[in-house]
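Participant: Sending over my_file13.txt (compact mmCIF, C-alpha atoms and all ligand atoms).
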# COMPACT_ATOMS: atom_id res chain seq x y z
CA MET X 1 73.01 78.52 -65.89
CA ILE X 2 69.24 78.14 -65.78
CA THR X 3 67.48 79.96 -68.58
CA PRO X 4 64.36 81.69 -67.28
CA GLU X 5 61.12 80.58 -68.90
CA HIS X 6 60.50 83.95 -70.56
CA LEU X 7 63.89 83.77 -72.26
CA LYS X 8 62.93 80.69 -74.24
CA TRP X 9 62.46 81.21 -77.98
CA PRO X 10 58.70 81.05 -78.63
CA ALA X 11 57.48 77.65 -79.84
CA GLY X 12 56.98 77.66 -83.60
CA ALA X 13 59.11 80.74 -84.13
CA ASP X 14 62.20 79.85 -86.11
CA CYS X 15 64.65 82.16 -87.81
CA THR X 16 61.87 83.73 -89.87
CA ALA X 17 60.27 85.24 -86.78
CA VAL X 18 62.18 86.87 -83.96
CA PRO X 19 60.54 87.92 -80.67
CA TYR X 20 61.13 91.61 -79.97
CA ALA X 21 62.17 90.68 -76.41
CA VAL X 22 65.66 89.99 -77.74
CA PHE X 23 66.00 93.73 -78.35
CA GLN X 24 64.47 94.84 -75.08
CA ASP X 25 65.17 92.39 -72.27
CA GLN X 26 67.85 93.21 -69.68
CA GLU X 27 68.51 89.55 -68.87
CA ILE X 28 69.09 88.78 -72.53
CA TYR X 29 71.47 91.73 -72.75
CA ASP X 30 73.43 90.43 -69.74
CA LEU X 31 73.52 86.91 -71.20
CA GLU X 32 74.89 88.31 -74.46
CA GLN X 33 77.76 89.94 -72.59
CA GLU X 34 78.60 86.57 -71.08
CA LYS X 35 78.00 84.23 -74.01
CA ILE X 36 78.89 86.39 -76.98
CA TYR X 37 81.38 89.05 -75.92
CA ASN X 38 83.07 87.04 -73.18
CA GLY X 39 82.66 83.87 -75.23
CA LYS X 40 84.22 82.45 -78.35
CA THR X 41 84.09 85.52 -80.59
CA TRP X 42 86.72 87.76 -82.18
CA ASN X 43 86.04 91.44 -81.53
CA PHE X 44 87.50 94.26 -83.58
CA LEU X 45 89.68 96.48 -81.39
CA ALA X 46 91.64 98.78 -83.69
CA ALA X 47 93.42 99.14 -86.95
CA GLY X 48 97.13 98.52 -86.49
CA ALA X 49 97.67 101.92 -88.15
CA GLU X 50 95.94 103.58 -85.18
CA ILE X 51 98.77 102.50 -82.88
CA PRO X 52 101.80 102.44 -85.17
CA GLU X 53 104.59 103.17 -82.65
CA LYS X 54 105.91 101.64 -79.45
CA GLY X 55 103.97 102.95 -76.46
CA ASP X 56 100.89 103.90 -78.53
CA TYR X 57 97.56 102.81 -77.14
CA LYS X 58 93.85 103.02 -77.83
CA THR X 59 90.98 102.50 -75.42
CA THR X 60 87.94 100.66 -76.66
CA TYR X 61 85.52 97.95 -75.59
CA ILE X 62 84.66 94.30 -76.04
CA GLY X 63 80.92 94.38 -75.55
CA ASP X 64 80.61 96.79 -72.63
CA THR X 65 83.91 95.76 -71.00
CA PRO X 66 86.53 98.54 -71.34
CA VAL X 67 89.81 97.39 -72.87
CA VAL X 68 93.10 98.92 -73.89
CA VAL X 69 95.08 97.83 -76.91
CA THR X 70 98.76 98.73 -76.89
CA ARG X 71 101.91 98.42 -78.91
CA GLY X 72 104.60 97.24 -76.51
CA GLN X 73 108.30 98.02 -76.42
CA ASP X 74 108.75 94.80 -78.41
CA GLY X 75 106.56 96.24 -81.20
CA GLU X 76 103.92 93.56 -80.54
CA ILE X 77 100.24 94.17 -79.95
CA HIS X 78 98.78 93.52 -76.48
CA ALA X 79 95.37 94.09 -74.94
CA TRP X 80 93.96 93.99 -71.45
CA VAL X 81 90.87 94.98 -69.53
CA ASN X 82 91.02 98.63 -68.56
CA ARG X 83 90.44 97.88 -64.88
CA CYS X 84 93.13 98.34 -62.26
CA ALA X 85 93.99 95.11 -60.44
CA HIS X 86 94.07 97.04 -57.16
CA ARG X 87 90.56 98.43 -56.65
CA GLY X 88 89.03 98.52 -60.08
CA ALA X 89 89.69 102.02 -61.41
CA GLU X 90 89.90 102.67 -65.14
CA ILE X 91 93.61 103.04 -65.97
CA CYS X 92 93.66 104.72 -69.40
CA ARG X 93 91.17 107.53 -69.71
CA GLU X 94 91.93 108.97 -73.13
CA ARG X 95 90.76 107.44 -76.39
CA HIS X 96 94.24 107.41 -77.88
CA GLY X 97 97.63 108.15 -76.44
CA LYS X 98 101.26 107.30 -76.11
CA SER X 99 103.10 106.15 -73.03
CA GLU X 100 106.57 107.64 -73.29
CA ASP X 101 108.02 105.47 -70.52
CA GLY X 102 106.10 102.36 -71.59
CA LEU X 103 104.10 102.35 -68.34
CA PHE X 104 100.38 102.71 -67.70
CA THR X 105 99.74 104.17 -64.29
CA CYS X 106 96.45 104.15 -62.43
CA VAL X 107 95.52 107.60 -61.17
CA TYR X 108 94.02 106.32 -57.89
CA HIS X 109 97.03 104.84 -56.03
CA GLN X 110 99.50 104.85 -58.92
CA TRP X 111 99.95 101.15 -59.46
CA ALA X 112 101.90 100.95 -62.72
CA TYR X 113 101.65 98.32 -65.45
CA ASP X 114 103.65 97.70 -68.61
CA ALA X 115 102.14 97.45 -72.09
CA THR X 116 101.59 93.71 -71.70
CA GLY X 117 99.47 94.27 -68.58
CA ASP X 118 102.02 93.04 -66.03
CA LEU X 119 102.19 94.90 -62.71
CA ARG X 120 105.50 96.76 -62.41
CA GLY X 121 105.18 99.14 -59.54
CA VAL X 122 103.20 99.58 -56.30
CA PRO X 123 103.77 102.77 -54.26
CA PHE X 124 104.71 102.12 -50.63
CA LEU X 125 105.20 98.44 -51.38
CA ARG X 126 107.52 98.17 -48.37
CA GLY X 127 105.77 100.91 -46.41
CA LEU X 128 106.98 104.33 -45.34
CA ALA X 129 109.54 104.76 -42.58
CA GLY X 130 108.87 101.23 -41.43
CA LYS X 131 105.11 101.61 -41.36
CA GLY X 132 102.49 100.08 -43.67
CA GLY X 133 103.43 98.28 -46.85
CA MET X 134 102.13 95.16 -48.44
CA PRO X 135 102.54 91.75 -46.80
CA ARG X 136 105.96 90.19 -47.43
CA ASP X 137 104.46 87.47 -49.60
CA PHE X 138 102.66 89.96 -51.91
CA ASP X 139 103.62 88.85 -55.41
CA LYS X 140 103.34 91.44 -58.21
CA LYS X 141 103.25 88.64 -60.76
CA ARG X 142 99.88 87.55 -59.40
CA HIS X 143 98.25 90.96 -59.73
CA GLY X 144 98.54 91.85 -63.38
CA LEU X 145 95.67 93.03 -65.55
CA ARG X 146 93.13 90.70 -67.15
CA LYS X 147 94.79 89.89 -70.48
CA ILE X 148 93.08 89.49 -73.82
CA ARG X 149 94.17 87.18 -76.62
CA THR X 150 94.82 89.26 -79.76
CA VAL X 151 95.53 88.77 -83.42
CA ASN X 152 96.68 91.31 -85.99
CA TYR X 153 95.10 90.13 -89.22
CA SER X 154 95.96 92.10 -92.35
CA GLY X 155 96.31 95.24 -90.27
CA ALA X 156 93.12 94.82 -88.23
CA ILE X 157 93.47 93.92 -84.56
CA PHE X 158 90.95 91.60 -82.95
CA GLY X 159 90.64 90.40 -79.37
CA THR X 160 88.94 87.51 -77.63
CA PHE X 161 88.53 86.53 -73.99
CA SER X 162 88.35 82.84 -74.80
CA ALA X 163 91.27 80.49 -75.36
CA ASP X 164 88.86 78.30 -77.34
CA THR X 165 87.96 80.85 -80.03
CA PRO X 166 89.09 79.32 -83.34
CA ASP X 167 91.84 81.03 -85.31
CA ILE X 168 90.69 84.20 -87.07
CA GLU X 169 90.59 82.74 -90.59
CA SER X 170 88.44 79.78 -89.58
CA TYR X 171 86.27 82.13 -87.55
CA MET X 172 85.68 84.37 -90.56
CA GLY X 173 85.00 81.62 -93.08
CA GLU X 174 86.22 81.41 -96.63
CA ASP X 175 84.12 84.02 -98.46
CA VAL X 176 84.31 86.57 -95.67
CA ARG X 177 88.07 86.08 -95.46
CA ALA X 178 88.48 86.59 -99.21
CA SER X 179 86.37 89.73 -99.13
CA PHE X 180 88.23 91.02 -96.07
CA LYS X 181 91.58 90.53 -97.80
CA ARG X 182 90.28 92.13 -100.99
CA ILE X 183 89.92 95.41 -99.07
CA LEU X 184 92.80 95.04 -96.61
CA ASN X 185 95.25 94.12 -99.33
CA ARG X 186 98.07 96.54 -98.40
CA PRO X 187 99.06 99.02 -95.66
CA ILE X 188 96.33 101.49 -94.83
CA GLU X 189 96.31 105.12 -93.79
CA ILE X 190 93.75 106.35 -91.25
CA LEU X 191 91.75 109.33 -92.54
CA GLY X 192 89.70 110.02 -89.44
CA THR X 193 87.11 108.82 -86.96
CA THR X 194 83.56 109.76 -86.10
CA ARG X 195 81.31 108.29 -83.46
CA GLN X 196 77.60 108.30 -82.94
CA TYR X 197 75.38 107.25 -80.06
CA LEU X 198 72.15 105.52 -80.93
CA ALA X 199 69.11 104.87 -78.78
CA GLY X 200 68.54 101.37 -80.10
CA ASN X 201 69.62 97.79 -79.45
CA TRP X 202 72.87 96.81 -81.18
CA LYS X 203 71.18 93.91 -82.97
CA PHE X 204 68.89 96.21 -84.93
CA TYR X 205 72.10 97.43 -86.51
CA ALA X 206 73.42 93.87 -86.95
CA GLU X 207 70.23 93.16 -88.93
CA ASN X 208 70.54 96.37 -90.93
CA VAL X 209 74.00 95.59 -92.29
CA ARG X 210 72.76 92.17 -93.45
CA ASP X 211 69.70 93.63 -95.16
CA PRO X 212 69.99 94.48 -98.86
CA TYR X 213 66.16 94.67 -99.01
CA HIS X 214 66.08 98.11 -97.40
CA ALA X 215 69.01 99.71 -99.18
CA SER X 216 67.22 101.12 -102.21
CA LEU X 217 63.98 101.76 -100.31
CA LEU X 218 65.11 103.56 -97.18
CA HIS X 219 68.03 105.47 -98.65
CA LEU X 220 66.61 108.03 -101.00
CA PHE X 221 70.03 109.32 -101.97
CA HIS X 222 71.18 105.87 -103.08
CA ALA X 223 68.45 105.45 -105.63
CA THR X 224 68.14 109.08 -106.66
CA PHE X 225 71.71 109.40 -107.73
CA GLY X 226 72.18 105.85 -108.97
CA LEU X 227 74.62 104.57 -106.37
CA TYR X 228 72.52 101.54 -105.53
CA ARG X 229 69.41 99.93 -106.95
CA SER X 230 67.83 96.67 -105.91
CA SER X 231 67.89 95.62 -109.54
CA GLN X 232 71.60 95.90 -109.95
CA LYS X 233 73.91 92.92 -109.88
CA GLY X 234 74.78 91.74 -106.42
CA GLY X 235 74.42 89.08 -103.83
CA CYS X 236 75.23 87.99 -100.34
CA VAL X 237 76.79 85.07 -98.58
CA ASP X 238 77.03 83.89 -94.98
CA ASN X 239 79.92 82.04 -93.36
CA ASN X 240 79.55 80.23 -90.03
CA LYS X 241 76.03 81.77 -89.99
CA LEU X 242 77.06 84.95 -88.25
CA ASN X 243 79.55 86.48 -90.64
CA SER X 244 78.51 87.75 -94.01
CA VAL X 245 79.31 89.74 -97.09
CA LEU X 246 76.83 91.72 -99.10
CA TRP X 247 78.00 93.16 -102.39
CA ALA X 248 76.69 95.03 -105.40
CA SER X 249 78.38 95.89 -108.62
CA GLY X 250 78.09 98.99 -110.73
CA ALA X 251 76.74 97.09 -113.73
CA THR X 252 73.60 98.34 -115.42
CA GLU X 253 70.25 97.00 -114.35
CA ASP X 254 67.87 94.90 -116.35
CA GLU X 255 64.64 96.30 -117.77
CA ALA X 256 62.29 93.71 -116.23
CA ALA X 257 63.51 94.62 -112.77
CA LEU X 258 63.02 98.33 -113.43
CA ASP X 259 59.47 97.65 -114.62
CA ASP X 260 58.71 95.78 -111.38
CA MET X 261 60.04 98.68 -109.37
CA LYS X 262 57.81 101.09 -111.30
CA LYS X 263 54.77 98.88 -110.65
CA ASP X 264 55.51 99.00 -106.91
CA LYS X 265 55.48 102.83 -107.15
CA LEU X 266 58.62 103.04 -105.09
CA ARG X 267 59.18 106.32 -103.32
CA THR X 268 62.80 106.04 -104.35
CA LEU X 269 61.92 106.21 -108.03
CA GLN X 270 60.05 109.48 -107.56
CA THR X 271 63.20 111.46 -107.45
CA ASP X 272 62.78 114.15 -110.07
CA GLN X 273 62.65 116.95 -107.52
CA TYR X 274 66.17 116.30 -106.25
CA GLU X 275 69.37 117.30 -107.86
CA LEU X 276 72.95 117.74 -106.82
CA LYS X 277 74.48 121.16 -107.36
CA ASP X 278 77.94 119.63 -107.31
CA ARG X 279 78.05 116.21 -108.89
CA SER X 280 81.77 115.82 -108.23
CA LEU X 281 80.70 114.03 -105.04
CA LEU X 282 79.71 111.10 -107.21
CA ALA X 283 82.83 111.06 -109.35
CA GLY X 284 84.72 108.04 -108.16
CA LYS X 285 87.70 106.15 -109.44
CA LYS X 286 87.90 102.45 -110.20
CA GLU X 287 90.47 100.95 -107.86
CA PHE X 288 89.75 97.22 -107.59
CA ASP X 289 90.12 94.50 -110.20
CA ASP X 290 86.37 93.90 -110.27
CA ASP X 291 83.18 95.93 -110.77
CA ILE X 292 82.10 95.75 -107.16
CA SER X 293 81.10 99.18 -105.91
CA LEU X 294 79.60 98.20 -102.56
CA VAL X 295 80.75 95.71 -99.94
CA ILE X 296 79.25 95.45 -96.48
CA LEU X 297 81.16 92.78 -94.60
CA SER X 298 79.92 91.84 -91.14
CA LEU X 299 82.14 90.02 -88.71
CA PHE X 300 80.01 89.14 -85.71
CA PRO X 301 79.59 90.66 -83.26
CA SER X 302 81.38 93.98 -83.47
CA LEU X 303 82.81 94.77 -86.92
CA VAL X 304 81.47 96.01 -90.20
CA LEU X 305 84.06 96.54 -92.92
CA GLN X 306 82.77 98.57 -95.83
CA GLN X 307 83.59 99.76 -99.30
CA ILE X 308 81.00 102.14 -100.74
CA GLN X 309 82.33 103.64 -103.94
CA ASN X 310 85.80 104.84 -102.87
CA THR X 311 85.02 105.10 -99.17
CA LEU X 312 86.59 102.50 -96.94
CA ALA X 313 85.78 102.20 -93.25
CA PHE X 314 85.69 100.04 -90.18
CA ARG X 315 82.46 100.41 -88.25
CA GLN X 316 82.67 99.17 -84.69
CA ILE X 317 79.43 98.32 -82.91
CA LEU X 318 79.67 98.86 -79.14
CA PRO X 319 76.63 97.98 -77.02
CA LYS X 320 76.01 100.38 -74.13
CA GLY X 321 72.98 98.76 -72.57
CA ARG X 322 69.94 96.94 -73.86
CA ASP X 323 68.62 100.02 -75.64
CA ARG X 324 71.68 101.93 -76.78
CA PHE X 325 74.91 101.45 -78.63
CA GLU X 326 77.80 103.44 -79.97
CA LEU X 327 78.93 103.23 -83.57
CA VAL X 328 82.56 104.18 -84.23
CA TRP X 329 83.55 104.85 -87.82
CA THR X 330 87.23 104.69 -88.68
CA TYR X 331 87.83 105.89 -92.24
CA PHE X 332 90.88 104.83 -94.18
CA GLY X 333 92.66 104.77 -97.49
CA TYR X 334 95.95 103.17 -98.48
CA GLN X 335 99.40 104.48 -97.67
CA ASP X 336 100.21 104.56 -101.38
CA ASP X 337 97.10 106.55 -102.38
CA SER X 338 97.71 109.34 -104.84
CA GLU X 339 96.64 112.80 -103.70
CA GLU X 340 93.82 112.64 -106.23
CA LEU X 341 92.45 109.39 -104.80
CA ARG X 342 92.80 110.63 -101.23
CA ASN X 343 90.79 113.73 -102.14
CA ILE X 344 88.10 111.58 -103.74
CA ARG X 345 87.87 109.51 -100.57
CA LEU X 346 87.67 112.61 -98.38
CA LYS X 347 84.89 114.09 -100.48
CA GLN X 348 82.94 110.84 -100.61
CA LEU X 349 83.08 110.58 -96.81
CA ASN X 350 80.03 112.85 -97.01
CA LEU X 351 78.13 109.74 -98.05
CA ILE X 352 78.79 107.78 -94.86
CA GLY X 353 79.14 108.23 -91.12
CA PRO X 354 76.62 109.64 -88.63
CA GLY X 355 75.26 112.32 -91.00
CA GLY X 356 76.15 110.51 -94.20
CA LEU X 357 73.90 110.98 -97.19
CA ILE X 358 73.45 107.23 -97.49
CA SER X 359 73.94 106.05 -93.93
CA MET X 360 72.21 108.42 -91.53
CA GLU X 361 68.89 106.64 -91.99
CA ASP X 362 70.40 103.37 -90.73
CA GLY X 363 70.98 104.91 -87.33
CA GLU X 364 67.51 106.37 -87.29
CA VAL X 365 65.81 103.03 -88.03
CA THR X 366 67.48 101.34 -85.06
CA GLU X 367 65.81 103.98 -82.90
CA ILE X 368 62.35 103.80 -84.45
CA CYS X 369 62.41 100.00 -84.15
CA GLN X 370 63.50 100.24 -80.51
CA ASN X 371 60.80 102.78 -79.67
CA ALA X 372 58.00 100.84 -81.28
CA THR X 373 58.76 97.52 -79.59
CA VAL X 374 59.24 98.63 -76.00
CA ARG X 375 56.19 96.82 -74.60
CA ASP X 376 55.80 94.19 -77.32
CA GLY X 377 58.51 91.69 -76.48
CA LYS X 378 56.30 88.69 -77.12
CA TYR X 379 55.37 89.75 -80.66
CA LEU X 380 57.37 88.52 -83.62
CA ASN X 381 58.90 90.21 -86.63
CA VAL X 382 58.66 88.75 -90.17
CA LEU X 383 61.77 87.61 -92.03
CA GLN X 384 60.52 85.88 -95.15
CA MET X 385 61.86 87.92 -98.06
CA ALA X 386 63.29 85.41 -100.62
CA GLY X 387 61.86 82.49 -98.68
CA ARG X 388 62.47 80.88 -95.33
CA GLU X 389 65.88 79.40 -95.88
CA VAL X 390 68.95 80.36 -93.92
CA LYS X 391 71.41 81.25 -96.65
CA GLY X 392 72.88 83.87 -98.94
CA ASP X 393 71.47 84.68 -102.36
CA ASP X 394 72.61 85.77 -105.80
CA HIS X 395 70.43 88.87 -105.72
CA LEU X 396 69.58 91.78 -103.41
CA VAL X 397 65.93 91.20 -102.59
CA THR X 398 66.45 88.91 -99.62
CA GLU X 399 66.50 88.61 -95.85
CA GLY X 400 68.52 85.37 -95.99
CA LEU X 401 71.50 86.81 -94.14
CA ILE X 402 69.30 88.05 -91.31
CA ARG X 403 67.86 84.54 -90.91
CA SER X 404 71.46 83.28 -90.78
CA LEU X 405 72.28 85.85 -88.12
CA TRP X 406 69.45 84.69 -85.91
CA GLN X 407 70.24 81.05 -86.33
CA GLY X 408 73.86 81.65 -85.33
CA TYR X 409 72.73 83.87 -82.47
CA ARG X 410 70.40 81.21 -81.10
CA GLU X 411 73.19 78.63 -81.22
CA ILE X 412 75.55 80.86 -79.21
CA MET X 413 72.87 82.00 -76.79
CA ASP X 414 71.43 78.52 -76.35
CA PHE X 415 67.92 79.80 -77.02
S1 LIG Z 501 92.62 101.44 -57.92
FE1 LIG Z 501 94.33 101.56 -59.22
S2 LIG Z 501 95.96 101.90 -57.91
FE2 LIG Z 501 94.31 101.72 -56.58
FE FE Z 502 71.30 101.09 -94.94
Please lay out the structure from this file as structure tokens.
Ligand code: FES
Ligand SMILES: [Fe+2]

Facilitator:
Amino acid sequence: MITPEHLKWPAGADCTAVPYAVFQDQEIYDLEQEKIYNGKTWNFLAAGAEIPEKGDYKTTYIGDTPVVVTRGQDGEIHAWVNRCAHRGAEICRERHGKSEDGLFTCVYHQWAYDATGDLRGVPFLRGLAGKGGMPRDFDKKRHGLRKIRTVNYSGAIFGTFSADTPDIESYMGEDVRASFKRILNRPIEILGTTRQYLAGNWKFYAENVRDPYHASLLHLFHATFGLYRSSQKGGCVDNNKLNSVLWASGATEDEAALDDMKKDKLRTLQTDQYELKDRSLLAGKKEFDDDISLVILSLFPSLVLQQIQNTLAFRQILPKGRDRFELVWTYFGYQDDSEELRNIRLKQLNLIGPGGLISMEDGEVTEICQNATVRDGKYLNVLQMAGREVKGDDHLVTEGLIRSLWQGYREIMDF
């Protein structure tokens, strides 16, 4: 493929300066669908607990390609593109469902497929009263659905279009894998789902979840009620450039850091006017063997796995065009949760999701960034917090992970 001149990364701009065109350009968006989503990446499709029984299915997307993930009669997970092999109609039209007979039938001409995506039935295959019908040499085996390679890793199902995508553990990298398994350490129970539609490019969100710099500044609730401060213990690490973990622990902060924050007159320290009428929202329960109270794990391109206090969630990032994306939140706990812990999780869900007290601003910033850069594709952003290196850090005042993201992105996109 020939890369058009205007899609070249500007000379002199490295991973500390990103041209806004990457958030705005239709050709770049189309190239991403080809190189990232149809390329060598693992994409989150579902939690296994969302389709626990034979015949269960869920419709979702890899990039903007509709896919269906199923549990077959053999109990195994399968996935295929949600596009009828006949004339292209969407086969499954509900978000979740169960096929009682194990078949998935297209509404248009009723071609029927099994859970693995193989074609099982074609109406009027041999015609009607001697008339019509498919040619004698029509072979159902050659007209199945476009199949997707899947893996069920610790109860999370991922799919890839490429046979060359490395195994999921190598793809994640060591630190990301360890952090992933720390949360997905035993069978989970789904608590619910919310979805939100955002008028911004999906990569503004990919930056946001790798950005500890903003967390105490943008999110007033965080700082006001002591859930997160930039001065608390924490850090971040990248694996294979694109995947990362950002964590913070509940330990107390040091005085020098607090003094610096006061000198900067941070809006988030001027919090006297706010109070919570019911502080039980903040009453959590220690449930891991460490002091970590916040984990934002990003598995490029589509998954964020989070622990914030006692809330656990998958966030799935689904691009819907160059200037919009959908964010699907799937909240969970563990199957062996006590009623008390489940109630804590349910109450704390007020913190996250589309209207969450500490997450609604993240959606909003993707939109204000998109709006402000519409005509300024050739201008560059600034990513120099904590230096110019592409790496994680042992503190929370850094844009190192975002530089890693862009370096990995450029390698995949060949920019
Ligand atoms: S398009 Fe699906 S059966 Fe014709
Ligand atoms: Fe945030």

Participant: Please identify every polymer residue within 6 Å of ligand FE 502 (chain Z), using all atoms listed in the file, and present the set as a ChimeraX atom specification.

Facilitator: /X:215,359,362

Participant: I want to know what sits within 7 Å of Leu294 of chain X, based on all atoms listed in the file, with residues of the same chain fewer than 4 positions away left out; could you give that as a count of residues only?

Facilitator: 6

Participant: When the cut-off is 10 Å and you count only C-alpha atoms and all ligand atoms, which residues lie near ligand LIG 501 (chain Z), shown as a count of residues only?

Facilitator: 20

Participant: Between atom CA of Ser179 of chain X and atom CA of Gln348 of chain X, what distance in Å does the model show, to one decimal?

Facilitator: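 According to the coordinates, atom CA of Ser179 of chain X and atom CA of Gln348 of chain X are separated by 21.4 Å.
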
Participant: Can you work out which one of X:Thr70, X:Ser298, X:Thr373, X:Asn239 has the shortest atom-to-atom distance to Gly102 of chain X, counting all atoms listed in the file?

Facilitator: X:Thr70

Participant: Quick one: pull the distance between atom CA of Gly226 of chain X and atom CA of Glu339 of chain X, Å, one decimal.

Facilitator: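 Computing it gives 26.0 Å between the two atoms.
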
Participant: Against segment 158-163 of chain X, which residues of segment 279-333 of chain X fall within 12 Å? For each one I want the closest pair of atoms and the distance in Å (one decimal), counting only C-alpha atoms, rows by chain and increasing residue number, as CSV.

Facilitator:
residue,atom,partner,partner_atom,distance
X:Leu299,CA,X:Phe158,CA,10.6
X:Phe300,CA,X:Phe158,CA,11.5
X:Pro301,CA,X:Thr160,CA,11.4
X:Ser302,CA,X:Phe158,CA,9.9
X:Leu303,CA,X:Phe158,CA,9.6
X:Gln316,CA,X:Phe158,CA,11.4

Participant: Using all atoms listed in the file, find all polymer residues with an atom at most 12 Å away from the point (60.6, 79.4, -80.1); report them as JSON, numbers by chain.

Facilitator: {"X": [5, 6, 7, 8, 9, 10, 11, 12, 13, 14, 15, 16, 17, 18, 19, 21, 22, 378, 379, 380, 406, 407, 410, 414, 415]}

Participant: The selected residues should be written to file as a compact mmCIF listing (two decimals), in the coordinates of the input (atoms: C-alpha atoms).

Facilitator:
# COMPACT_ATOMS: atom_id res chain seq x y z
CA GLU X 5 61.12 80.58 -68.90
CA HIS X 6 60.50 83.95 -70.56
CA LEU X 7 63.89 83.77 -72.26
CA LYS X 8 62.93 80.69 -74.24
CA TRP X 9 62.46 81.21 -77.98
CA PRO X 10 58.70 81.05 -78.63
CA ALA X 11 57.48 77.65 -79.84
CA GLY X 12 56.98 77.66 -83.60
CA ALA X 13 59.11 80.74 -84.13
CA ASP X 14 62.20 79.85 -86.11
CA CYS X 15 64.65 82.16 -87.81
CA THR X 16 61.87 83.73 -89.87
CA ALA X 17 60.27 85.24 -86.78
CA VAL X 18 62.18 86.87 -83.96
CA PRO X 19 60.54 87.92 -80.67
CA ALA X 21 62.17 90.68 -76.41
CA VAL X 22 65.66 89.99 -77.74
CA LYS X 378 56.30 88.69 -77.12
CA TYR X 379 55.37 89.75 -80.66
CA LEU X 380 57.37 88.52 -83.62
CA TRP X 406 69.45 84.69 -85.91
CA GLN X 407 70.24 81.05 -86.33
CA ARG X 410 70.40 81.21 -81.10
CA ASP X 414 71.43 78.52 -76.35
CA PHE X 415 67.92 79.80 -77.02

Participant: Please list, as a ChimeraX atom specification, the residues that have an atom at most 12 Å away from (67.7, 97.5, -81.9) in the coordinates of this file, counting all atoms listed in the file.

Facilitator: /X:20-25,29,198-208,317,319-326,362-374

Participant: Considering all atoms listed in the file, return as a list of chain:residue names whatever protein or nucleic-acid residues lie within 12 Å of Glu94 of chain X, sequence-local ones (same chain, fewer than 2 positions apart) excluded.

Facilitator: X:Asp56, X:Tyr57, X:Lys58, X:Thr59, X:Thr60, X:Pro66, X:Val67, X:Val68, X:Asn82, X:Glu90, X:Ile91, X:Cys92, X:His96, X:Gly97, X:Lys98, X:Ser99, X:Phe104

Participant: If I take atom CA of Lys147 of chain X and atom CA of Lys40 of chain X, how far is one from the other in Å, to one decimal?

Facilitator: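 Atom-to-atom, atom CA of Lys147 of chain X to atom CA of Lys40 of chain X, that is 15.1 Å.
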